[in-house]
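S.K.: Dropping in run-v9.csv, with CSV, C-alpha atoms.
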chain,number,residue,atom,x,y,z
A,289,MET,CA,-27.7,38.1,15.5
A,290,GLN,CA,-27.4,38.8,19.2
A,291,LEU,CA,-30.4,37.9,21.3
A,292,SER,CA,-32.0,40.5,23.5
A,293,PRO,CA,-31.7,40.4,27.3
A,294,HIS,CA,-35.5,40.0,27.5
A,295,LEU,CA,-35.3,36.3,26.5
A,296,PRO,CA,-35.4,33.9,29.5
A,297,ASP,CA,-33.0,31.0,29.7
A,298,LEU,CA,-34.3,27.5,28.9
A,299,SER,CA,-34.8,26.4,32.5
A,300,GLY,CA,-37.1,29.4,33.0
A,301,PHE,CA,-39.2,28.3,30.0
A,302,GLU,CA,-39.3,24.7,31.5
A,303,ILE,CA,-40.8,26.0,34.7
A,304,PHE,CA,-43.3,28.2,32.9
A,305,LEU,CA,-44.4,25.3,30.7
A,306,ALA,CA,-44.9,23.2,33.9
A,307,ILE,CA,-47.2,25.9,35.3
A,308,ALA,CA,-49.1,26.0,32.0
A,309,ARG,CA,-49.4,22.2,31.9
A,310,THR,CA,-50.4,21.7,35.6
A,311,GLY,CA,-52.4,24.9,36.2
A,312,SER,CA,-50.6,25.2,39.5
A,313,ILE,CA,-47.5,26.8,40.8
A,314,GLY,CA,-47.3,24.3,43.6
A,315,ALA,CA,-47.6,21.3,41.2
A,316,ALA,CA,-44.9,22.8,39.0
A,317,GLY,CA,-42.6,23.2,42.0
A,318,ARG,CA,-43.1,19.5,42.9
A,319,GLU,CA,-42.0,18.5,39.4
A,320,PHE,CA,-38.7,20.4,39.8
A,321,GLY,CA,-38.2,19.8,43.5
A,322,LEU,CA,-38.8,23.5,44.3
A,323,THR,CA,-41.0,25.2,46.9
A,324,GLN,CA,-44.1,27.1,45.7
A,325,GLN,CA,-42.4,30.3,46.9
A,326,ALA,CA,-39.3,29.6,44.8
A,327,VAL,CA,-41.4,28.9,41.6
A,328,SER,CA,-43.5,32.0,42.2
A,329,ALA,CA,-40.4,34.1,42.5
A,330,ARG,CA,-38.9,32.5,39.4
A,331,LEU,CA,-42.2,33.2,37.4
A,332,ALA,CA,-42.1,36.8,38.6
A,333,SER,CA,-38.5,37.1,37.5
A,334,ILE,CA,-39.4,35.8,34.0
A,335,GLU,CA,-42.3,38.2,33.7
A,336,ALA,CA,-40.1,41.1,34.7
A,337,GLN,CA,-37.4,40.0,32.3
A,338,THR,CA,-39.8,39.6,29.3
A,339,GLY,CA,-42.0,42.6,30.2
A,340,VAL,CA,-45.1,40.4,29.6
A,341,THR,CA,-47.6,39.1,32.2
A,342,LEU,CA,-47.8,35.4,31.5
A,343,VAL,CA,-49.9,33.9,34.4
A,344,ILE,CA,-52.9,35.1,36.4
A,345,ARG,CA,-52.8,33.8,40.0
A,346,THR,CA,-56.1,33.0,41.6
A,347,PRO,CA,-57.1,31.1,44.8
A,348,ARG,CA,-58.2,28.2,42.6
A,349,GLY,CA,-54.9,27.9,40.8
A,350,SER,CA,-53.0,29.7,37.9
A,351,ARG,CA,-54.1,30.2,34.3
A,352,LEU,CA,-52.3,31.7,31.4
A,353,THR,CA,-53.0,35.1,30.0
A,354,PRO,CA,-53.7,35.4,26.3
A,355,ALA,CA,-50.0,36.5,25.9
A,356,GLY,CA,-49.0,33.5,28.1
A,357,VAL,CA,-50.8,31.1,25.8
A,358,VAL,CA,-48.8,32.4,22.8
A,359,VAL,CA,-45.5,32.4,24.7
A,360,ALA,CA,-46.2,28.8,25.9
A,361,GLU,CA,-46.6,27.7,22.3
A,362,TRP,CA,-43.3,29.3,21.4
A,363,ALA,CA,-41.6,27.9,24.5
A,364,ASP,CA,-42.7,24.4,23.7
A,365,ARG,CA,-41.3,24.6,20.2
A,366,LEU,CA,-38.0,26.2,21.5
A,367,LEU,CA,-37.6,23.4,24.1
A,368,ASP,CA,-38.3,20.8,21.5
A,369,VAL,CA,-35.4,22.1,19.4
A,370,ALA,CA,-33.2,22.4,22.5
A,371,GLN,CA,-33.9,18.8,23.4
A,372,TYR,CA,-33.0,17.7,19.9
A,373,VAL,CA,-29.7,19.7,20.0
A,374,ASP,CA,-29.0,18.3,23.5
A,375,ALA,CA,-29.5,14.7,22.3
A,376,GLY,CA,-27.3,15.4,19.3
A,377,LEU,CA,-24.5,16.8,21.4
A,378,ALA,CA,-24.7,13.8,23.7
A,379,SER,CA,-24.4,11.5,20.6
A,380,LEU,CA,-21.4,13.4,19.4
A,381,ARG,CA,-19.8,13.2,22.9
A,382,SER,CA,-20.5,9.4,22.9
A,383,GLU,CA,-19.0,9.1,19.4
A,384,LYS,CA,-15.9,11.0,20.4
A,385,ARG,CA,-15.5,8.7,23.4
A,386,LYS,CA,-15.6,5.6,21.1
A,387,ARG,CA,-13.3,6.9,18.3
A,388,VAL,CA,-9.7,8.1,18.4
A,389,ARG,CA,-7.8,9.6,15.5
A,390,VAL,CA,-4.1,8.5,15.7
A,391,ALA,CA,-1.1,9.7,13.7
A,392,ALA,CA,2.0,7.6,14.1
A,393,SER,CA,5.5,7.6,12.8
A,394,LEU,CA,6.2,4.7,10.4
A,395,THR,CA,8.3,2.6,12.8
A,396,ILE,CA,5.5,2.7,15.4
A,397,ALA,CA,2.7,2.5,12.9
A,398,GLU,CA,4.2,-0.6,11.2
A,399,GLN,CA,6.0,-2.4,14.0
A,400,LEU,CA,4.1,-1.7,17.2
A,401,MET,CA,0.6,-0.3,16.6
A,402,PRO,CA,-0.8,-3.5,15.0
A,403,ARG,CA,0.1,-5.5,18.2
A,404,TRP,CA,-1.4,-2.8,20.4
A,405,LEU,CA,-4.7,-2.7,18.4
A,406,VAL,CA,-5.1,-6.5,18.3
A,407,SER,CA,-4.4,-6.8,22.1
A,408,LEU,CA,-6.9,-3.9,22.6
A,409,ARG,CA,-9.6,-5.8,20.8
A,410,VAL,CA,-8.8,-9.1,22.7
A,411,ALA,CA,-8.9,-7.3,26.0
A,412,ALA,CA,-12.3,-5.6,25.2
A,413,GLY,CA,-13.7,-9.0,24.1
A,414,ARG,CA,-12.7,-10.6,27.4
A,415,MET,CA,-14.4,-7.8,29.3
A,416,GLY,CA,-17.5,-7.9,27.2
A,417,THR,CA,-17.0,-4.3,26.0
A,418,VAL,CA,-16.4,-2.7,22.6
A,419,ALA,CA,-12.9,-1.6,21.7
A,420,PRO,CA,-12.5,2.1,20.6
A,421,GLU,CA,-12.4,2.6,16.9
A,422,VAL,CA,-8.9,3.7,16.0
A,423,ILE,CA,-8.4,5.7,12.7
A,424,MET,CA,-4.7,5.7,12.1
A,425,THR,CA,-2.5,7.7,9.7
A,426,ALA,CA,1.1,6.5,9.2
A,427,THR,CA,3.4,9.4,8.5
A,428,ASN,CA,6.7,10.8,9.8
A,429,SER,CA,7.3,12.3,13.2
A,430,ASP,CA,7.1,16.0,12.1
A,431,ARG,CA,3.8,15.5,10.4
A,432,THR,CA,2.5,13.6,13.4
A,433,ILE,CA,3.4,16.6,15.6
A,434,THR,CA,1.6,19.0,13.3
A,435,ALA,CA,-1.5,16.7,13.1
A,436,VAL,CA,-1.8,16.7,16.9
A,437,ARG,CA,-1.2,20.5,17.2
A,438,THR,CA,-3.8,21.3,14.6
A,439,GLY,CA,-6.4,18.9,16.1
A,440,LYS,CA,-6.4,16.5,13.1
A,441,ALA,CA,-5.2,13.7,15.4
A,442,ASP,CA,-6.2,13.1,19.0
A,443,LEU,CA,-3.1,11.1,19.8
A,444,GLY,CA,0.3,10.9,18.1
A,445,PHE,CA,3.3,8.6,18.4
A,446,ILE,CA,6.7,9.9,17.5
A,447,GLU,CA,10.4,8.9,17.5
A,448,THR,CA,12.1,12.3,17.5
A,449,PRO,CA,15.0,13.0,19.9
A,450,HIS,CA,13.4,16.2,21.2
A,451,LEU,CA,10.2,16.9,23.1
A,452,PRO,CA,7.7,18.9,20.9
A,453,LYS,CA,6.9,22.2,22.5
A,454,GLY,CA,3.3,22.8,23.6
A,455,LEU,CA,2.4,19.1,23.7
A,456,ARG,CA,2.1,16.6,26.5
A,457,SER,CA,4.0,13.4,26.1
A,458,ARG,CA,4.6,9.9,27.6
A,459,VAL,CA,7.3,7.5,26.8
A,460,VAL,CA,5.8,4.3,25.6
A,461,GLY,CA,8.9,2.4,24.7
A,462,HIS,CA,12.5,2.4,23.6
A,463,ASP,CA,14.1,1.5,20.3
A,464,GLU,CA,17.6,1.2,18.9
A,465,LEU,CA,18.8,2.4,15.5
A,466,VAL,CA,21.3,0.2,13.7
A,467,VAL,CA,23.6,0.7,10.7
A,468,VAL,CA,22.7,-1.9,8.1
A,469,VAL,CA,24.4,-3.0,4.9
A,470,PRO,CA,24.0,-6.0,2.6
A,471,ALA,CA,25.9,-9.2,3.5
A,472,ASP,CA,28.5,-8.6,0.8
A,473,HIS,CA,29.2,-4.9,1.7
A,474,LYS,CA,32.8,-4.1,2.6
A,475,TRP,CA,31.7,-2.9,6.1
A,476,ALA,CA,30.2,-6.3,6.8
A,477,GLN,CA,33.6,-7.9,6.1
A,478,ARG,CA,36.0,-5.7,8.0
A,479,GLN,CA,37.2,-6.4,11.5
A,480,ARG,CA,37.5,-2.9,12.9
A,481,PRO,CA,34.3,-0.9,13.7
A,482,VAL,CA,33.1,2.0,11.6
A,483,THR,CA,33.8,5.4,13.2
A,484,ALA,CA,31.2,8.2,13.6
A,485,ALA,CA,33.2,10.4,11.2
A,486,GLU,CA,33.4,7.7,8.6
A,487,LEU,CA,29.6,7.2,8.8
A,488,ALA,CA,29.0,11.0,8.5
A,489,ARG,CA,31.2,11.1,5.3
A,490,THR,CA,29.3,8.2,3.7
A,491,PRO,CA,26.3,8.9,1.5
A,492,LEU,CA,23.4,6.9,3.1
A,493,VAL,CA,20.0,5.7,2.1
A,494,THR,CA,17.7,7.8,4.3
A,495,ARG,CA,14.1,8.7,5.0
A,496,GLU,CA,12.8,12.1,4.1
A,497,PRO,CA,13.4,15.2,6.2
A,498,GLY,CA,11.1,15.2,9.2
A,499,SER,CA,11.5,11.5,9.8
A,500,GLY,CA,12.2,10.6,13.4
A,501,THR,CA,14.9,8.1,12.4
A,502,ARG,CA,16.7,10.7,10.3
A,503,ASP,CA,16.5,13.3,13.1
A,504,SER,CA,17.7,10.8,15.7
A,505,LEU,CA,20.8,10.0,13.6
A,506,GLY,CA,21.5,13.7,13.2
A,507,ALA,CA,21.3,14.2,17.0
A,508,ALA,CA,23.6,11.2,17.6
A,509,LEU,CA,26.2,12.5,15.1
A,510,ARG,CA,26.1,16.0,16.7
A,511,ASP,CA,26.7,14.4,20.1
A,512,ALA,CA,29.6,12.4,18.8
A,513,LEU,CA,31.2,14.9,16.4
A,514,GLY,CA,30.0,18.3,17.5
A,515,ASP,CA,29.4,20.0,14.2
A,516,PRO,CA,27.8,17.6,11.7
A,517,SER,CA,28.1,20.1,8.8
A,518,GLY,CA,30.4,17.7,7.0
A,519,GLN,CA,27.8,15.0,6.8
A,520,ALA,CA,27.4,13.7,3.3
A,521,PRO,CA,24.1,14.3,1.4
A,522,PRO,CA,22.0,11.2,1.1
A,523,VAL,CA,22.5,8.9,-1.8
A,524,LEU,CA,18.7,8.3,-1.8
A,525,GLU,CA,15.8,9.8,0.2
A,526,LEU,CA,12.8,7.5,0.5
A,527,SER,CA,9.5,7.8,2.2
A,528,SER,CA,9.1,4.4,3.8
A,529,ALA,CA,11.1,1.9,5.8
A,530,ALA,CA,10.3,-0.8,3.3
A,531,ALA,CA,11.8,1.3,0.5
A,532,VAL,CA,14.9,2.0,2.5
A,533,ARG,CA,15.4,-1.7,3.3
A,534,ALA,CA,15.0,-2.7,-0.4
A,535,ALA,CA,17.4,0.0,-1.5
A,536,VAL,CA,20.1,-1.2,1.0
A,537,ALA,CA,19.6,-4.8,0.0
A,538,ALA,CA,20.0,-3.7,-3.7
A,539,GLY,CA,23.4,-2.1,-2.9
A,540,ALA,CA,22.4,1.5,-3.0
A,541,GLY,CA,24.3,2.2,0.2
A,542,PRO,CA,24.2,1.8,4.0
A,543,ALA,CA,21.3,3.0,6.0
A,544,VAL,CA,20.5,3.7,9.7
A,545,MET,CA,17.2,2.1,10.6
A,546,SER,CA,15.2,0.9,13.6
A,547,ARG,CA,16.2,-2.6,14.6
A,548,LEU,CA,12.4,-3.3,14.8
A,549,ALA,CA,12.1,-2.5,11.1
A,550,VAL,CA,14.9,-4.8,9.9
A,551,ALA,CA,14.5,-7.7,12.4
A,552,ASP,CA,13.4,-10.1,9.7
A,553,ASP,CA,16.2,-9.1,7.3
A,554,LEU,CA,18.8,-9.6,10.0
A,555,ALA,CA,17.3,-12.9,11.0
A,556,ILE,CA,17.7,-14.4,7.5
A,557,GLY,CA,21.0,-12.7,6.8
A,558,ARG,CA,19.7,-10.5,4.0
A,559,LEU,CA,21.2,-7.5,5.9
A,560,ARG,CA,24.0,-7.1,8.5
A,561,THR,CA,24.5,-4.7,11.3
A,562,VAL,CA,27.7,-2.6,11.5
A,563,GLU,CA,28.9,-1.4,14.9
A,564,VAL,CA,29.6,2.3,15.4
A,565,PRO,CA,30.7,2.4,19.1
A,566,GLU,CA,31.0,6.2,19.2
A,567,LEU,CA,27.3,6.7,18.5
A,568,SER,CA,24.4,6.4,21.0
A,569,LEU,CA,21.6,5.2,18.9
A,570,ARG,CA,19.0,4.2,21.5
A,571,ARG,CA,15.9,6.4,21.4
A,572,ARG,CA,12.6,6.9,23.2
A,573,LEU,CA,9.2,6.3,21.5
A,574,ARG,CA,6.6,8.8,22.8
A,575,ALA,CA,2.9,9.3,22.7
A,576,ILE,CA,1.9,13.0,22.4
A,577,TRP,CA,-1.4,14.9,22.8
A,578,LEU,CA,-2.7,18.4,23.2
A,579,GLY,CA,-4.1,19.6,26.5
A,580,GLY,CA,-3.8,18.5,30.1
A,581,ARG,CA,-1.4,16.2,31.9
A,582,THR,CA,-3.5,13.2,31.0
A,583,PRO,CA,-5.1,12.7,27.5
A,584,PRO,CA,-8.8,13.6,27.1
A,585,ALA,CA,-11.3,11.1,28.6
A,586,GLY,CA,-12.7,8.5,26.3
A,587,ALA,CA,-11.1,6.5,23.5
A,588,THR,CA,-7.9,8.5,23.6
A,589,ARG,CA,-7.2,7.9,27.2
A,590,ASP,CA,-8.5,4.3,26.9
A,591,LEU,CA,-6.0,3.5,24.1
A,592,LEU,CA,-3.0,5.0,25.9
A,593,ALA,CA,-4.0,3.3,29.2
A,594,HIS,CA,-4.2,0.0,27.3
A,595,ILE,CA,-0.7,0.5,25.7
A,596,ALA,CA,0.7,1.4,29.2
A,597,GLY,CA,-0.7,-1.9,30.5
A,598,GLN,CA,0.8,-4.0,27.7
A,599,ARG,CA,4.4,-3.9,28.6
A,600,GLU,CA,5.0,-7.3,27.2
A,601,GLN,CA,3.8,-6.0,23.8
A,602,ILE,CA,6.4,-3.1,23.7
A,603,TRP,CA,9.6,-4.8,22.8
A,604,THR,CA,12.9,-3.0,22.6
A,605,VAL,CA,16.2,-4.5,21.5
A,606,ALA,CA,16.5,-6.6,24.7
A,607,ASN,CA,13.7,-5.8,27.0
A,608,PRO,CA,10.2,-4.2,27.0
A,609,VAL,CA,10.4,-0.8,28.6
A,610,LEU,CA,7.6,1.6,29.6
A,611,SER,CA,8.0,4.7,31.7
A,612,GLU,CA,6.4,8.1,32.1
A,613,MET,CA,8.2,11.4,31.7
Spell out the structure here as C-alpha cells.
M.R.:
Amino acid sequence: MQLSPHLPDLSGFEIFLAIARTGSIGAAGREFGLTQQAVSARLASIEAQTGVTLVIRTPRGSRLTPAGVVVAEWADRLLDVAQYVDAGLASLRSEKRKRVRVAASLTIAEQLMPRWLVSLRVAAGRMGTVAPEVIMTATNSDRTITAVRTGKADLGFIETPHLPKGLRSRVVGHDELVVVVPADHKWAQRQRPVTAAELARTPLVTREPGSGTRDSLGAALRDALGDPSGQAPPVLELSSAAAVRAAVAAGAGPAVMSRLAVADDLAIGRLRTVEVPELSLRRRLRAIWLGGRTPPAGATRDLLAHIAGQREQIWTVANPVLSEM
C-alpha cells in the first residue's frame, strides 16, 4: 500500500510533538537548534501538507487543536515504532560489522585460513578488542565465486588461474602445484623428467570439476601444449585434498596438488615429487568480494586487512608473498 502525500516525514512529527510537549514554538526550536521562525514555518508546512490545523498560536504560547491532540497521539506511537526499527537496524549493522561469511577453496581453507584466524584472535586479544566472528565454508573455487556473487559469502578465497568477472580481487599469496607419486612409482625412480605431453596422456587422480587446482593444471597444460584435448580422463575424481593424497599413496595414480597440501607427506617420504620442467605450476591465491575497490567496512575489511598484515603467515614454496592487483 502506497502512503498518501499528506503524511509528513518523521522529522516533522518530531517537531510537532516537541511543540505539543513544551507548549511553545520557541522552546521546541531550542530543542532542535532551530529559530522560532524556522519551527513556525515548518509547522505551517506540516499543516498545509496534512490539510489539518494542529496548533493554535496565542500570545501566551501554543496549544493543540482537538485534531492536533489526536494527531499527537498517533505521532507518538509512530515515532515509538520508528525508534524501535532504528535501533534494530543499528543492531543489524553492528552485527554485520562483527561477523563475516567466508567461502574458501580447500587449499586455502585447510592450509592457510586456520593460521590467519588464530593470528587474528591473538592480535585482537593484544589490542583488547574482540575478533570478528568468521563463518567459513570450505568448497571449491567455482562454488566460492558463486557464493560471493549471490551474496551468500561476504568474502571468498580462490585458486583459479583466471580473474572472475564482476568481482574485485586481491592477491593474498602464491602457491605451487607439484606432481606427486608414491615412493615406489616408476616416475619416482627414473632419471629423466616427465614431459608435459606424458603427463597429459596419463590418467590422474584429480579433484572434481570447478576445483582451482584442476583448473590451474588445465591452464598450465594449455600453455605448454596448446590444445589439451588429448588429456586423458581422470582415473579418479575426488572432492577433497585428503582423499586425493590417500588415493595417490594407495597407488591409484599420480596427482597434481598444492605443495602446501602434501608438505607432510613429502617430509616423511610417503609421496615424492616429479619434475615436469615444461609446466609453469605456480599460481596466485586471491581474495574476492562484490562491490567497490575495497571490501565493505566492518568484519570483512578487518579480516582482509589482518591477512594483508600477516605476511609471515602466508608461506609459499620458498617465500611469503603478498601483493595487490
S.K.: Between A:His462, A:Arg495, A:Arg547, A:Arg478, single out the one closest to Arg570 in chain A, counting only C-alpha atoms.
M.R.: A:His462
S.K.: Leaving out Val327 in chain A and any residue of its chain fewer than 6 positions from it, which residues lie within 12 Å of it when counting all atoms listed in the file, given as a PDB file with C-alpha atoms, keeping the file's coordinate frame?
M.R.:
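What landed in selection21.pdb:
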ATOM      1  CA  SER A 299     -34.800  26.400  32.500  1.00  0.00           C
ATOM      2  CA  GLY A 300     -37.100  29.400  33.000  1.00  0.00           C
ATOM      3  CA  PHE A 301     -39.200  28.300  30.000  1.00  0.00           C
ATOM      4  CA  GLU A 302     -39.300  24.700  31.500  1.00  0.00           C
ATOM      5  CA  ILE A 303     -40.800  26.000  34.700  1.00  0.00           C
ATOM      6  CA  PHE A 304     -43.300  28.200  32.900  1.00  0.00           C
ATOM      7  CA  LEU A 305     -44.400  25.300  30.700  1.00  0.00           C
ATOM      8  CA  ALA A 306     -44.900  23.200  33.900  1.00  0.00           C
ATOM      9  CA  ILE A 307     -47.200  25.900  35.300  1.00  0.00           C
ATOM     10  CA  SER A 312     -50.600  25.200  39.500  1.00  0.00           C
ATOM     11  CA  ILE A 313     -47.500  26.800  40.800  1.00  0.00           C
ATOM     12  CA  GLY A 314     -47.300  24.300  43.600  1.00  0.00           C
ATOM     13  CA  ALA A 315     -47.600  21.300  41.200  1.00  0.00           C
ATOM     14  CA  ALA A 316     -44.900  22.800  39.000  1.00  0.00           C
ATOM     15  CA  GLY A 317     -42.600  23.200  42.000  1.00  0.00           C
ATOM     16  CA  ARG A 318     -43.100  19.500  42.900  1.00  0.00           C
ATOM     17  CA  GLU A 319     -42.000  18.500  39.400  1.00  0.00           C
ATOM     18  CA  PHE A 320     -38.700  20.400  39.800  1.00  0.00           C
ATOM     19  CA  GLY A 321     -38.200  19.800  43.500  1.00  0.00           C
ATOM     20  CA  SER A 333     -38.500  37.100  37.500  1.00  0.00           C
ATOM     21  CA  ILE A 334     -39.400  35.800  34.000  1.00  0.00           C
TER      22      ILE A 334
END
S.K.: Near Val410 in chain A, counting only C-alpha atoms, which residues have an atom at most 9 Å away, once you skip same-chain residues fewer than 5 positions from it, shown as a compact mmCIF listing (two decimals) with C-alpha atoms, keeping the file's coordinate frame?
M.R.:
# COMPACT_ATOMS: atom_id res chain seq x y z
CA LEU A 405 -4.70 -2.70 18.40
CA MET A 415 -14.40 -7.80 29.30
CA ALA A 419 -12.90 -1.60 21.70
S.K.: Counting all atoms listed in the file, figure out which residue out of A:Leu567, A:Asp430, A:Val359, A:Ala543 gets nearest to Gly514 in chain A.
M.R.: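 Looking at the shortest contact to Gly514 in chain A, the residue is A:Leu567.
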S.K.: Ranking A:Leu443, A:Ala488, A:Leu394, A:Leu592 by minimum distance to Ala512 in chain A and counting only C-alpha atoms, which one comes first?
M.R.: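 For Ala512 in chain A, the nearest of the candidates is A:Ala488.
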S.K.: If you measure from CA of Phe445 in chain A to CA of Ala392 in chain A, what distance in Å do you get, rounded to one decimal?
M.R.: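 It comes out at 4.6 Å.
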S.K.: Could you tell me how far CA of Arg365 in chain A lies from CA of Thr310 in chain A, in Å and to one decimal?
M.R.: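 That distance, rounded to one decimal, is 18.1 Å.
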S.K.: Identify, on the basis of all atoms listed in the file, every residue whose closest approach to Thr434 in chain A does not exceed 12 Å; exclude the query and any residue fewer than 3 positions from it along the same chain; express the result as a list in words.
M.R.: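 Listed by chain and then number, they are Ala391, Ala392, Thr427, Asn428, Ser429, Asp430, Arg431, Arg437, Thr438, Gly439, Lys440, Ala441, Asp442, Leu443, Gly444, Phe445, Ile446, Pro452, Lys453, Gly454, Leu455, Gly498, Ile576, Trp577 and Leu578 of chain A.
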S.K.: Just C-alpha atoms for this one: save the residues we selected as a PDB file, in the frame of the given file.
M.R.:
ATOM      1  CA  ALA A 391      -1.100   9.700  13.700  1.00  0.00           C
ATOM      2  CA  ALA A 392       2.000   7.600  14.100  1.00  0.00           C
ATOM      3  CA  THR A 427       3.400   9.400   8.500  1.00  0.00           C
ATOM      4  CA  ASN A 428       6.700  10.800   9.800  1.00  0.00           C
ATOM      5  CA  SER A 429       7.300  12.300  13.200  1.00  0.00           C
ATOM      6  CA  ASP A 430       7.100  16.000  12.100  1.00  0.00           C
ATOM      7  CA  ARG A 431       3.800  15.500  10.400  1.00  0.00           C
ATOM      8  CA  ARG A 437      -1.200  20.500  17.200  1.00  0.00           C
ATOM      9  CA  THR A 438      -3.800  21.300  14.600  1.00  0.00           C
ATOM     10  CA  GLY A 439      -6.400  18.900  16.100  1.00  0.00           C
ATOM     11  CA  LYS A 440      -6.400  16.500  13.100  1.00  0.00           C
ATOM     12  CA  ALA A 441      -5.200  13.700  15.400  1.00  0.00           C
ATOM     13  CA  ASP A 442      -6.200  13.100  19.000  1.00  0.00           C
ATOM     14  CA  LEU A 443      -3.100  11.100  19.800  1.00  0.00           C
ATOM     15  CA  GLY A 444       0.300  10.900  18.100  1.00  0.00           C
ATOM     16  CA  PHE A 445       3.300   8.600  18.400  1.00  0.00           C
ATOM     17  CA  ILE A 446       6.700   9.900  17.500  1.00  0.00           C
ATOM     18  CA  PRO A 452       7.700  18.900  20.900  1.00  0.00           C
ATOM     19  CA  LYS A 453       6.900  22.200  22.500  1.00  0.00           C
ATOM     20  CA  GLY A 454       3.300  22.800  23.600  1.00  0.00           C
ATOM     21  CA  LEU A 455       2.400  19.100  23.700  1.00  0.00           C
ATOM     22  CA  GLY A 498      11.100  15.200   9.200  1.00  0.00           C
ATOM     23  CA  ILE A 576       1.900  13.000  22.400  1.00  0.00           C
ATOM     24  CA  TRP A 577      -1.400  14.900  22.800  1.00  0.00           C
ATOM     25  CA  LEU A 578      -2.700  18.400  23.200  1.00  0.00           C
TER      26      LEU A 578
END
